[in-house]
file target-v4.pdb (PDB, C-alpha atoms)
MODEL        1
ATOM      1  CA  MET A   1      30.671  20.541  -0.322
ATOM      2  CA  THR A   2      30.397  20.096  -4.081
ATOM      3  CA  THR A   3      31.037  23.008  -6.411
ATOM      4  CA  MET A   4      29.391  23.893  -9.694
ATOM      5  CA  HIS A   5      29.820  26.257 -12.618
ATOM      6  CA  LYS A   6      27.583  27.504 -15.394
ATOM      7  CA  PHE A   7      27.465  25.069 -18.292
ATOM      8  CA  ASP A   8      28.001  26.304 -21.857
ATOM      9  CA  VAL A   9      24.701  25.301 -23.426
ATOM     10  CA  GLU A  10      25.254  27.382 -26.578
ATOM     11  CA  ASN A  11      28.212  25.226 -27.635
ATOM     12  CA  TRP A  12      26.754  21.954 -26.352
ATOM     13  CA  ILE A  13      26.318  19.255 -28.971
ATOM     14  CA  ARG A  14      22.938  18.458 -27.372
ATOM     15  CA  LYS A  15      21.603  22.029 -27.491
ATOM     16  CA  PRO A  16      18.828  21.100 -30.000
ATOM     17  CA  GLN A  17      17.673  18.261 -27.748
ATOM     18  CA  TYR A  18      17.921  20.477 -24.654
ATOM     19  CA  ASP A  19      15.820  23.200 -26.286
ATOM     20  CA  PHE A  20      13.273  20.627 -27.457
ATOM     21  CA  PHE A  21      12.667  18.939 -24.102
ATOM     22  CA  LYS A  22      13.263  21.774 -21.604
ATOM     23  CA  THR A  23       9.698  23.090 -21.797
ATOM     24  CA  TYR A  24       7.972  19.697 -21.496
ATOM     25  CA  GLU A  25       5.510  19.419 -18.638
ATOM     26  CA  ASP A  26       6.937  15.962 -17.915
ATOM     27  CA  PRO A  27      10.421  15.710 -19.487
ATOM     28  CA  PHE A  28      11.485  12.636 -17.495
ATOM     29  CA  PHE A  29      12.017   9.168 -18.932
ATOM     30  CA  ASN A  30      12.662   5.943 -17.068
ATOM     31  CA  ILE A  31      14.683   2.884 -18.037
ATOM     32  CA  THR A  32      14.589  -0.276 -15.927
ATOM     33  CA  ALA A  33      16.870  -3.239 -16.562
ATOM     34  CA  THR A  34      18.888  -5.776 -14.595
ATOM     35  CA  ILE A  35      22.517  -5.741 -13.500
ATOM     36  CA  GLU A  36      24.448  -8.954 -12.869
ATOM     37  CA  VAL A  37      25.740  -8.708  -9.298
ATOM     38  CA  SER A  38      27.164 -12.156  -8.478
ATOM     39  CA  ASN A  39      30.702 -10.804  -8.223
ATOM     40  CA  LEU A  40      29.624  -7.830  -6.114
ATOM     41  CA  TYR A  41      27.685 -10.091  -3.758
ATOM     42  CA  THR A  42      30.708 -12.405  -3.328
ATOM     43  CA  TYR A  43      33.045  -9.451  -2.844
ATOM     44  CA  CYS A  44      30.833  -8.018  -0.089
ATOM     45  CA  LYS A  45      30.689 -11.367   1.712
ATOM     46  CA  LYS A  46      34.466 -11.747   1.473
ATOM     47  CA  HIS A  47      35.216  -8.260   2.839
ATOM     48  CA  ASP A  48      32.296  -7.933   5.278
ATOM     49  CA  LEU A  49      30.703  -5.059   3.358
ATOM     50  CA  SER A  50      27.052  -4.063   3.226
ATOM     51  CA  PHE A  51      25.641  -5.225  -0.105
ATOM     52  CA  SER A  52      23.094  -2.407  -0.241
ATOM     53  CA  LEU A  53      25.762   0.230   0.434
ATOM     54  CA  ALA A  54      27.985  -1.426  -2.160
ATOM     55  CA  CYS A  55      25.231  -1.108  -4.773
ATOM     56  CA  ILE A  56      24.861   2.579  -3.946
ATOM     57  CA  TYR A  57      28.638   3.071  -4.201
ATOM     58  CA  VAL A  58      28.822   1.391  -7.597
ATOM     59  CA  ALA A  59      26.041   3.665  -8.823
ATOM     60  CA  ILE A  60      27.462   6.955  -7.526
ATOM     61  CA  LYS A  61      31.010   6.112  -8.639
ATOM     62  CA  SER A  62      29.769   5.403 -12.156
ATOM     63  CA  ILE A  63      27.445   8.419 -12.196
ATOM     64  CA  ASN A  64      30.343  10.723 -11.390
ATOM     65  CA  GLU A  65      32.121   9.505 -14.526
ATOM     66  CA  ILE A  66      29.278  10.738 -16.775
ATOM     67  CA  GLN A  67      28.975  14.502 -17.263
ATOM     68  CA  GLU A  68      25.275  14.526 -18.074
ATOM     69  CA  PHE A  69      24.318  13.013 -14.702
ATOM     70  CA  LYS A  70      25.960  16.002 -12.994
ATOM     71  CA  LEU A  71      23.991  18.667 -14.890
ATOM     72  CA  ARG A  72      21.208  20.568 -13.101
ATOM     73  CA  ILE A  73      18.822  23.346 -14.058
ATOM     74  CA  ILE A  74      18.871  26.405 -11.797
ATOM     75  CA  ASN A  75      16.701  29.436 -12.636
ATOM     76  CA  ASN A  76      16.333  28.167 -16.216
ATOM     77  CA  GLU A  77      20.097  27.890 -16.689
ATOM     78  CA  VAL A  78      22.224  24.736 -16.774
ATOM     79  CA  PHE A  79      25.008  24.168 -14.252
ATOM     80  CA  LEU A  80      27.575  21.380 -14.012
ATOM     81  CA  PHE A  81      28.602  20.011 -10.618
ATOM     82  CA  ASP A  82      32.196  18.860 -10.275
ATOM     83  CA  ALA A  83      30.887  15.808  -8.393
ATOM     84  CA  VAL A  84      27.589  14.693  -6.902
ATOM     85  CA  ASN A  85      26.740  12.820  -3.724
ATOM     86  CA  ILE A  86      23.765  10.560  -3.057
ATOM     87  CA  GLY A  87      20.733  10.597  -0.800
ATOM     88  CA  SER A  88      18.972   7.311  -0.149
ATOM     89  CA  THR A  89      15.884   6.100   1.649
ATOM     90  CA  ILE A  90      16.575   4.020   4.760
ATOM     91  CA  LEU A  91      14.038   1.602   6.240
ATOM     92  CA  ASN A  92      13.277   2.232   9.909
ATOM     93  CA  ASP A  93      12.440  -0.512  12.414
ATOM     94  CA  ASN A  94       8.766   0.525  12.358
ATOM     95  CA  LYS A  95       8.677   0.033   8.553
ATOM     96  CA  THR A  96       8.548   3.745   7.790
ATOM     97  CA  PHE A  97      11.450   5.290   5.944
ATOM     98  CA  SER A  98      13.783   8.235   6.335
ATOM     99  CA  PHE A  99      16.558   9.765   4.273
ATOM    100  CA  CYS A 100      20.301   9.434   4.747
ATOM    101  CA  TYR A 101      22.935  11.327   2.798
ATOM    102  CA  PHE A 102      26.246   9.798   1.745
ATOM    103  CA  LEU A 103      29.288  11.681   0.512
ATOM    104  CA  ASN A 104      31.171  10.362  -2.465
ATOM    105  CA  GLN A 105      34.245   8.362  -1.370
ATOM    106  CA  PRO A 106      37.370   7.199  -3.239
ATOM    107  CA  SER A 107      36.820   3.498  -2.532
ATOM    108  CA  ILE A 108      34.064   1.012  -1.833
ATOM    109  CA  VAL A 109      35.591   0.198   1.576
ATOM    110  CA  GLU A 110      35.633   3.864   2.626
ATOM    111  CA  PHE A 111      32.070   4.332   1.380
ATOM    112  CA  ASP A 112      30.966   1.295   3.380
ATOM    113  CA  LYS A 113      32.606   2.618   6.541
ATOM    114  CA  GLN A 114      31.084   6.071   6.144
ATOM    115  CA  GLY A 115      27.711   4.641   5.176
ATOM    116  CA  LYS A 116      27.487   2.417   8.239
ATOM    117  CA  GLU A 117      28.378   5.382  10.459
ATOM    118  CA  VAL A 118      25.718   7.555   8.819
ATOM    119  CA  ILE A 119      23.057   4.871   9.283
ATOM    120  CA  GLU A 120      24.088   4.180  12.885
ATOM    121  CA  ASN A 121      23.952   7.890  13.752
ATOM    122  CA  HIS A 122      20.580   8.120  12.054
ATOM    123  CA  LYS A 123      19.184   5.303  14.192
ATOM    124  CA  LYS A 124      20.213   7.169  17.341
ATOM    125  CA  GLY A 125      17.889  10.026  16.485
ATOM    126  CA  ILE A 126      15.511   9.107  13.686
ATOM    127  CA  PHE A 127      13.909  12.006  11.879
ATOM    128  CA  PHE A 128      12.324  12.576   8.481
ATOM    129  CA  GLU A 129      14.428  15.251   6.785
ATOM    130  CA  PRO A 130      14.249  15.433   3.005
ATOM    131  CA  LYS A 131      16.871  17.970   1.900
ATOM    132  CA  GLU A 132      14.988  19.194  -1.130
ATOM    133  CA  GLU A 133      17.169  22.292  -1.503
ATOM    134  CA  LEU A 134      20.254  20.216  -2.368
ATOM    135  CA  LEU A 135      20.800  19.828  -6.110
ATOM    136  CA  GLY A 136      24.249  18.183  -6.103
ATOM    137  CA  LEU A 137      22.636  14.868  -5.263
ATOM    138  CA  ILE A 138      21.313  11.718  -6.841
ATOM    139  CA  HIS A 139      18.042  10.530  -5.297
ATOM    140  CA  CYS A 140      18.195   6.811  -4.517
ATOM    141  CA  SER A 141      15.773   4.250  -3.116
ATOM    142  CA  THR A 142      15.782   0.509  -2.558
ATOM    143  CA  ILE A 143      12.752  -1.763  -2.801
ATOM    144  CA  PRO A 144      14.277  -5.036  -1.544
ATOM    145  CA  TRP A 145      10.975  -6.942  -1.507
ATOM    146  CA  ILE A 146      10.225  -6.855  -5.259
ATOM    147  CA  SER A 147      12.207  -7.781  -8.359
ATOM    148  CA  PHE A 148      10.329  -5.115 -10.282
ATOM    149  CA  THR A 149      10.367  -4.600 -14.037
ATOM    150  CA  GLY A 150       9.160  -0.998 -14.036
ATOM    151  CA  ILE A 151       8.376   1.820 -11.643
ATOM    152  CA  LYS A 152       6.837   5.303 -11.456
ATOM    153  CA  HIS A 153       8.009   8.031  -9.079
ATOM    154  CA  ALA A 154       5.841  10.306  -6.982
ATOM    155  CA  ARG A 155       6.335  13.920  -8.095
ATOM    156  CA  LYS A 156       5.289  17.341  -6.831
ATOM    157  CA  GLY A 157       5.419  18.966 -10.250
ATOM    158  CA  ASP A 158       8.440  21.261  -9.914
ATOM    159  CA  GLU A 159      11.148  18.632 -10.495
ATOM    160  CA  ALA A 160      11.471  19.520 -14.187
ATOM    161  CA  ARG A 161      12.978  22.864 -13.129
ATOM    162  CA  GLN A 162      15.886  21.007 -11.459
ATOM    163  CA  GLY A 163      16.536  17.735 -13.266
ATOM    164  CA  ILE A 164      17.799  15.562 -10.405
ATOM    165  CA  PRO A 165      18.165  11.895 -11.491
ATOM    166  CA  LYS A 166      16.399   9.227  -9.471
ATOM    167  CA  ILE A 167      17.611   5.635  -9.182
ATOM    168  CA  ILE A 168      16.073   2.589  -7.495
ATOM    169  CA  PHE A 169      17.441  -0.873  -6.723
ATOM    170  CA  GLY A 170      15.078  -3.836  -6.370
ATOM    171  CA  LYS A 171      15.238  -7.342  -4.934
ATOM    172  CA  VAL A 172      18.155  -9.593  -5.884
ATOM    173  CA  PHE A 173      17.064 -12.716  -7.758
ATOM    174  CA  GLU A 174      18.702 -15.795  -9.248
ATOM    175  CA  GLU A 175      18.705 -16.471 -12.979
ATOM    176  CA  ASN A 176      20.870 -19.040 -14.789
ATOM    177  CA  ASN A 177      23.016 -19.507 -11.664
ATOM    178  CA  THR A 178      23.799 -15.793 -11.442
ATOM    179  CA  LYS A 179      22.534 -13.083  -9.097
ATOM    180  CA  LYS A 180      20.810 -10.123 -10.704
ATOM    181  CA  ILE A 181      19.213  -6.959  -9.393
ATOM    182  CA  PRO A 182      16.594  -4.700 -11.016
ATOM    183  CA  PHE A 183      17.837  -1.143 -11.438
ATOM    184  CA  SER A 184      15.666   1.813 -12.408
ATOM    185  CA  VAL A 185      17.034   5.110 -13.710
ATOM    186  CA  GLU A 186      14.810   8.156 -14.249
ATOM    187  CA  VAL A 187      16.347  11.285 -15.787
ATOM    188  CA  HIS A 188      15.490  14.624 -17.388
ATOM    189  CA  HIS A 189      15.450  14.285 -21.188
ATOM    190  CA  ALA A 190      16.642  17.855 -21.714
ATOM    191  CA  LEU A 191      19.856  16.956 -19.885
ATOM    192  CA  MET A 192      20.540  13.497 -21.304
ATOM    193  CA  ASP A 193      19.361  10.733 -23.602
ATOM    194  CA  GLY A 194      19.011   6.955 -23.541
ATOM    195  CA  TYR A 195      22.656   6.650 -24.574
ATOM    196  CA  HIS A 196      23.800   8.186 -21.289
ATOM    197  CA  VAL A 197      21.582   5.890 -19.213
ATOM    198  CA  ALA A 198      22.901   2.898 -21.135
ATOM    199  CA  LEU A 199      26.428   4.154 -20.438
ATOM    200  CA  LEU A 200      25.651   4.159 -16.716
ATOM    201  CA  PHE A 201      24.531   0.522 -16.838
ATOM    202  CA  GLU A 202      27.674  -0.340 -18.795
ATOM    203  CA  LYS A 203      30.017   1.409 -16.343
ATOM    204  CA  MET A 204      28.344  -0.173 -13.319
ATOM    205  CA  GLN A 205      28.546  -3.652 -14.824
ATOM    206  CA  TYR A 206      32.190  -3.151 -15.787
ATOM    207  CA  PHE A 207      33.109  -2.026 -12.258
ATOM    208  CA  ILE A 208      31.299  -4.993 -10.680
ATOM    209  CA  ASN A 209      32.889  -7.502 -13.041
ATOM    210  CA  ASP A 210      36.349  -6.025 -12.381
ATOM    211  CA  LEU A 211      36.174  -6.445  -8.579
ATOM    212  CA  SER A 212      38.622  -8.977  -7.186
TER
ENDMDL
END
call {"tool": "encode", "arguments": {"input": "target-v4.pdb", "output": "structure tokens"}}
result
Amino acid sequence: MTTMHKFDVENWIRKPQYDFFKTYEDPFFNITATIEVSNLYTYCKKHDLSFSLACIYVAIKSINEIQEFKLRIINNEVFLFDAVNIGSTILNDNKTFSFCYFLNQPSIVEFDKQGKEVIENHKKGIFFEPKEELLGLIHCSTIPWISFTGIKHARKGDEARQGIPKIIFGKVFEENNTKKIPFSVEVHHALMDGYHVALLFEKMQYFINDLS
């Protein structure tokens, strides 16, 4: 269980930006770019890890190092989670999808082990259970059939009152003898700016490059 506490907006350096964007009907912005994953792909092959789970781990590990990705809006007030977990779509055998929820883990190997157990248990009793009441999450999807360059999320209209980030991985492709993957990040502009999204890409790439 993740814990949270009220965030001091009044003394926040981004208070002017928060006040400016918090009343927008659609305050979300999306950035899509590629991440070089050759080293991650090789590492997964070497250690018999799921590449898709590894991508999710790299994302959630990096996200938890950036304060702004752990901010949420609750009853028009901002709260900071000490850590966030991740919920991801999982493709079923009949080509529909369901949701699985993965707890943050201290290592990529432990995340892989937990993730495989979660998916295996899910397959034993498939059900469609979006846990929309959980705010200490990152919403994740994978579209492994398309190396997309942009994407738009389906929305109900109340998401701006929460501010949960959404991330999507696409299809791995080869470019200049390296493997790359499209990665989409959609976030609430009252809670963060392009700098923070760029920082996420930077942290993810650093972690991947540092694997050995």
call {"tool": "closest_residue", "arguments": {"input": "target-v4.pdb", "among": "A:Cys140, A:Thr42, A:Glu110, A:Ile90", "to": "His122 in chain A", "atoms": "all atoms listed in the file"}}
result
A:Ile90
call {"tool": "resolve_selection", "arguments": {"input": "target-v4.pdb", "expression": "the PyMOL selection byres ((chain A and resi 62-76) around 7)", "output": "PyMOL selection string"}}
result
chain A and resi 58-61+77-81+83-84+161-164+191-192+200+203-204
call {"tool": "atom_distance", "arguments": {"input": "target-v4.pdb", "atom1": "CA of Tyr101 in chain A", "atom2": "CA of His139 in chain A"}}
result
9.5 Å
call {"tool": "atom_distance", "arguments": {"input": "target-v4.pdb", "atom1": "CA of His47 in chain A", "atom2": "CA of Ile35 in chain A"}}
result
20.8 Å
call {"tool": "resolve_selection", "arguments": {"input": "target-v4.pdb", "expression": "the PyMOL selection byres ((chain A and resi 150-158) around 9)", "output": "ChimeraX atom specification"}}
result
/A:25-26,30-33,148-149,159-162,166,168,182,184,186
call {"tool": "closest_residue", "arguments": {"input": "target-v4.pdb", "among": "A:Val187, A:Ser212, A:Phe201, A:Glu175", "to": "Phe28 in chain A", "atoms": "all atoms listed in the file"}}
result
A:Val187
call {"tool": "residues_around", "arguments": {"input": "target-v4.pdb", "residues": "Thr142 in chain A", "least_positions_apart": "6", "cutoff": "10 Å", "atoms": "all atoms listed in the file", "output": "compact mmCIF listing (two decimals) with C-alpha atoms, in the frame of the given file"}}
result
# COMPACT_ATOMS: atom_id res chain seq x y z
CA SER A 52 23.09 -2.41 -0.24
CA CYS A 55 25.23 -1.11 -4.77
CA ILE A 56 24.86 2.58 -3.95
CA SER A 88 18.97 7.31 -0.15
CA THR A 89 15.88 6.10 1.65
CA ILE A 90 16.58 4.02 4.76
CA LEU A 91 14.04 1.60 6.24
CA ILE A 167 17.61 5.64 -9.18
CA ILE A 168 16.07 2.59 -7.50
CA PHE A 169 17.44 -0.87 -6.72
CA GLY A 170 15.08 -3.84 -6.37
CA LYS A 171 15.24 -7.34 -4.93
CA PRO A 182 16.59 -4.70 -11.02
CA PHE A 183 17.84 -1.14 -11.44
CA SER A 184 15.67 1.81 -12.41
call {"tool": "resolve_selection", "arguments": {"input": "target-v4.pdb", "expression": "the PyMOL selection byres ((chain A and resi 113-116) around 9)", "output": "VMD selection string"}}
result
chain A and resid 49 to 50 53 100 to 103 105 108 to 112 117 to 121
call {"tool": "write_last_selection", "arguments": {"input": "target-v4.pdb", "atoms": "C-alpha atoms", "output": "mmCIF file, in the coordinates of the input"}}
result
data_model
loop_
_atom_site.group_PDB
_atom_site.id
_atom_site.type_symbol
_atom_site.label_atom_id
_atom_site.label_comp_id
_atom_site.auth_asym_id
_atom_site.auth_seq_id
_atom_site.Cartn_x
_atom_site.Cartn_y
_atom_site.Cartn_z
ATOM 1 C CA LEU A 49 30.703 -5.059 3.358
ATOM 2 C CA SER A 50 27.052 -4.063 3.226
ATOM 3 C CA LEU A 53 25.762 0.230 0.434
ATOM 4 C CA CYS A 100 20.301 9.434 4.747
ATOM 5 C CA TYR A 101 22.935 11.327 2.798
ATOM 6 C CA PHE A 102 26.246 9.798 1.745
ATOM 7 C CA LEU A 103 29.288 11.681 0.512
ATOM 8 C CA GLN A 105 34.245 8.362 -1.370
ATOM 9 C CA ILE A 108 34.064 1.012 -1.833
ATOM 10 C CA VAL A 109 35.591 0.198 1.576
ATOM 11 C CA GLU A 110 35.633 3.864 2.626
ATOM 12 C CA PHE A 111 32.070 4.332 1.380
ATOM 13 C CA ASP A 112 30.966 1.295 3.380
ATOM 14 C CA GLU A 117 28.378 5.382 10.459
ATOM 15 C CA VAL A 118 25.718 7.555 8.819
ATOM 16 C CA ILE A 119 23.057 4.871 9.283
ATOM 17 C CA GLU A 120 24.088 4.180 12.885
ATOM 18 C CA ASN A 121 23.952 7.890 13.752
#
call {"tool": "atom_distance", "arguments": {"input": "target-v4.pdb", "atom1": "CA of Asn176 in chain A", "atom2": "CA of Glu36 in chain A"}}
result
10.9 Å
call {"tool": "closest_residue", "arguments": {"input": "target-v4.pdb", "among": "A:Trp12, A:Tyr57, A:Trp145, A:Phe20", "to": "Phe207 in chain A", "atoms": "all atoms listed in the file"}}
result
A:Tyr57
call {"tool": "closest_residue", "arguments": {"input": "target-v4.pdb", "among": "A:Phe97, A:Phe173, A:Phe21, A:Tyr43", "to": "His188 in chain A", "atoms": "all atoms listed in the file"}}
result
A:Phe21
call {"tool": "closest_residue", "arguments": {"input": "target-v4.pdb", "among": "A:Lys179, A:His196, A:Lys45, A:Lys6", "to": "Asp82 in chain A", "atoms": "only C-alpha atoms"}}
result
A:Lys6
call {"tool": "closest_residue", "arguments": {"input": "target-v4.pdb", "among": "A:Ala54, A:Val172, A:Thr178, A:Tyr18", "to": "Leu40 in chain A", "atoms": "only C-alpha atoms"}}
result
A:Ala54
call {"tool": "build_atoms", "arguments": {"input": "target-v4.pdb", "residues": "range 18-37 of chain A", "atoms": "N, CA, C and O atoms", "output": "compact mmCIF listing (two decimals), in the frame of the given file"}}
result
# COMPACT_ATOMS: atom_id res chain seq x y z
N TYR A 18 18.22 19.72 -25.87
CA TYR A 18 17.92 20.48 -24.65
C TYR A 18 16.78 21.46 -24.90
O TYR A 18 15.81 21.51 -24.13
N ASP A 19 16.86 22.23 -25.97
CA ASP A 19 15.82 23.20 -26.29
C ASP A 19 14.47 22.52 -26.54
O ASP A 19 13.42 23.07 -26.20
N PHE A 20 14.51 21.34 -27.13
CA PHE A 20 13.27 20.63 -27.46
C PHE A 20 12.55 20.14 -26.21
O PHE A 20 11.34 20.29 -26.07
N PHE A 21 13.30 19.57 -25.27
CA PHE A 21 12.67 18.94 -24.10
C PHE A 21 12.51 19.85 -22.88
O PHE A 21 11.76 19.53 -21.96
N LYS A 22 13.22 20.99 -22.84
CA LYS A 22 13.26 21.77 -21.60
C LYS A 22 11.92 22.36 -21.20
O LYS A 22 11.71 22.69 -20.03
N THR A 23 11.00 22.51 -22.14
CA THR A 23 9.70 23.09 -21.80
C THR A 23 8.61 22.03 -21.61
O THR A 23 7.46 22.39 -21.38
N TYR A 24 8.97 20.75 -21.69
CA TYR A 24 7.97 19.70 -21.50
C TYR A 24 7.41 19.75 -20.08
O TYR A 24 8.15 19.98 -19.12
N GLU A 25 6.12 19.50 -19.96
CA GLU A 25 5.51 19.42 -18.64
C GLU A 25 6.09 18.25 -17.86
O GLU A 25 6.33 18.35 -16.65
N ASP A 26 6.30 17.13 -18.54
CA ASP A 26 6.94 15.96 -17.92
C ASP A 26 8.07 15.51 -18.82
O ASP A 26 7.88 14.66 -19.70
N PRO A 27 9.29 16.04 -18.61
CA PRO A 27 10.42 15.71 -19.49
C PRO A 27 11.23 14.50 -19.03
O PRO A 27 12.29 14.23 -19.58
N PHE A 28 10.72 13.75 -18.04
CA PHE A 28 11.48 12.64 -17.50
C PHE A 28 11.19 11.34 -18.24
O PHE A 28 10.05 11.09 -18.65
N PHE A 29 12.22 10.52 -18.42
CA PHE A 29 12.02 9.17 -18.93
C PHE A 29 12.71 8.19 -18.01
O PHE A 29 13.67 8.53 -17.32
N ASN A 30 12.19 6.97 -17.99
CA ASN A 30 12.66 5.94 -17.07
C ASN A 30 13.08 4.70 -17.85
O ASN A 30 12.37 4.26 -18.75
N ILE A 31 14.22 4.16 -17.48
CA ILE A 31 14.68 2.88 -18.04
C ILE A 31 14.96 1.94 -16.87
O ILE A 31 15.66 2.29 -15.92
N THR A 32 14.38 0.75 -16.95
CA THR A 32 14.59 -0.28 -15.93
C THR A 32 15.16 -1.52 -16.59
O THR A 32 14.61 -2.00 -17.58
N ALA A 33 16.25 -2.02 -16.05
CA ALA A 33 16.87 -3.24 -16.56
C ALA A 33 17.56 -3.93 -15.39
O ALA A 33 17.49 -3.46 -14.25
N THR A 34 18.21 -5.04 -15.67
CA THR A 34 18.89 -5.78 -14.60
C THR A 34 20.40 -5.64 -14.72
O THR A 34 20.95 -5.43 -15.81
N ILE A 35 21.06 -5.73 -13.57
CA ILE A 35 22.52 -5.74 -13.50
C ILE A 35 22.94 -7.05 -12.85
O ILE A 35 22.33 -7.50 -11.88
N GLU A 36 23.95 -7.68 -13.40
CA GLU A 36 24.45 -8.95 -12.87
C GLU A 36 25.39 -8.64 -11.70
O GLU A 36 26.38 -7.94 -11.86
N VAL A 37 25.03 -9.12 -10.51
CA VAL A 37 25.74 -8.71 -9.30
C VAL A 37 26.39 -9.87 -8.54
O VAL A 37 26.74 -9.73 -7.37
